[in-house]
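What follows is a single structure, written as structure tokens, with notes after it.
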Amino acid sequence: MASSEKSFALRRLHSLLGVIPLGVFLIQHLVINHFAVNSPEAFNKASDFMWNLPFKIVLETVVIYLPILFHAIYGVYIAFTSKNNVTHYSTFRNWMFLLQRVTGIIAFIFIAIHVWQTRVQAALGHHINYDMMHDIFTNPINLIGYVIGIVSVIFHFSNGLWSFAVSWGITQSERSQKVMTGVSIAAFVVITFIGLRALFAFI
């Protein structure tokens, strides 16, 4: 396979994994967290349900860890090798291109910290529940970091929907790409509302 064809295939795979399964997992994860809005008990029940799923390790590895490792590593490569022309052509799409790369790096760091504070701690014997999350967010530095991290992850996913639609030939016309821009913005607003509302429910 020629180098350009291999690069095209890898970028399409990278884009696909960003939506399925990672985008689906992001939404599911935020919805589970949103149970905290109802009550600590509601969150604990939803969290316990996810924690006790059968074949959890296999599901986590196949659906989350392997896809996110590829998406993150190849995404970092793209971020540091892509040429941005924002300083020369300050169009909306060029800025979205740049912000996609910046939020990708932030998301990479944030997810690593989040996994350490939750999943790794759970593996060490600490129970993931409302009290654990409350303790994390009572630290102002953690709270600010999570706000930045959550917004960055959601932006990266929402804006990535536009790139996904273009990469896979779903939106080929200028009009369809404008419509997809609106869809991406709407997704960002709605999912951010869910994510931040859930976050502040733990405080």
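All residue names refer to the structure tokens as shown: chains lettered A, B, ... in order, residues numbered from 1 in each chain, ligands numbered from 1 in order.
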Select from stretch 103-159 of chain A every residue with an atom at most 10 Å from any atom of stretch 19-30 of chain A, then for each give the shortest pair of atoms and their distance in Å to one decimal, using only C-alpha atoms, rows by chain and rising number, as CSV.
```
residue,atom,partner,partner_atom,distance
A:Ile150,CA,A:Leu30,CA,9.6
A:Val153,CA,A:Leu26,CA,8.6
A:Ile154,CA,A:Leu26,CA,8.2
A:His156,CA,A:Gly23,CA,9.8
A:Phe157,CA,A:Gly23,CA,6.4
A:Ser158,CA,A:Gly23,CA,8.7
```
* **Who sits within 9 Å of stretch 47-51 of chain A, only C-alpha atoms, same chain under 6 positions skipped, as an MDAnalysis selection string** => chainID A and resid 32:33 128:130
* Asked: Can you list, as a ChimeraX atom specification, every protein, DNA or RNA residue that comes within 12 Å of A:Trp162 when you count only C-alpha atoms, leaving out same-chain residues fewer than 5 positions away?
  -> /A:15-16,18-19,93,96-97,100,155-157,167-172,176-188
* **A:Pro40 surroundings by only C-alpha atoms, 9 Å radius, close-in-sequence under 2 positions cut, as an MDAnalysis selection string** => chainID A and resid 35:38 42:45 129:131 201:202
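Here atom CA of A:Ile109 and atom CA of A:Ala72 stand 9.8 Å from one another.
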* To do: Once DSSP has gone over the backbone, tell me which residues of stretch 98-138 of chain A are in helix (DSSP H, G or I), as a PyMOL selection string.
  => chain A and resi 98-123+130-137
* Asked: Which residues come within 10 Å of A:Ile78, counting only C-alpha atoms, excluding same-chain residues fewer than 6 positions away, as a PyMOL selection string?
  -> chain A and resi 11+72+101+104
The selected residues should be written to file as a PDB file, in the first residue's frame (atoms: N, CA, C and O atoms).
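This went into out-v6.pdb:
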```
ATOM      1  N   ARG A  11      -6.097   7.687   8.946  1.00  0.00           N
ATOM      2  CA  ARG A  11      -6.878   8.858   9.355  1.00  0.00           C
ATOM      3  C   ARG A  11      -8.367   8.539   9.413  1.00  0.00           C
ATOM      4  O   ARG A  11      -9.081   9.027  10.295  1.00  0.00           O
ATOM      5  N   ALA A  72      -5.470   8.329  20.587  1.00  0.00           N
ATOM      6  CA  ALA A  72      -4.649   9.326  21.260  1.00  0.00           C
ATOM      7  C   ALA A  72      -3.251   9.416  20.645  1.00  0.00           C
ATOM      8  O   ALA A  72      -2.767  10.506  20.335  1.00  0.00           O
ATOM      9  N   ARG A 101      -6.837  20.210  17.351  1.00  0.00           N
ATOM     10  CA  ARG A 101      -5.527  19.684  17.748  1.00  0.00           C
ATOM     11  C   ARG A 101      -5.211  20.062  19.186  1.00  0.00           C
ATOM     12  O   ARG A 101      -4.718  19.255  19.966  1.00  0.00           O
ATOM     13  N   GLY A 104      -7.318  18.141  21.581  1.00  0.00           N
ATOM     14  CA  GLY A 104      -6.891  16.746  21.568  1.00  0.00           C
ATOM     15  C   GLY A 104      -5.764  16.508  22.566  1.00  0.00           C
ATOM     16  O   GLY A 104      -5.764  15.502  23.290  1.00  0.00           O
TER      17      GLY A 104
END
```
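Between A:His134 and the residues A:Ile68, A:Leu99, A:Leu10, A:Leu199, the shortest atom-to-atom distance, using only C-alpha atoms, involves A:Leu199.
Closest approach to A:Pro140 from the set A:Thr103, A:Glu41, A:Ile203, A:His34 is made by A:Ile203, with distances taken over only C-alpha atoms.
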* Structure fact -> Judged by only C-alpha atoms, the minimum distance to A:Val190 among A:Ala165, A:Met132, A:Val31, A:Ile111 is found for A:Val31
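Closest approach to A:Ala107 among A:Thr81, A:Ala123, A:Gly149, A:Ile141: A:Gly149, based on only C-alpha atoms.
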* Pick the closest to A:His114 from A:Phe137, A:Ile57, A:Phe70, A:Ser163: which is it, counting only C-alpha atoms? -> A:Phe137
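Our summary of the geometry notes that atom CA of A:Phe108 is positioned 22.2 Å from atom CA of A:Arg197.
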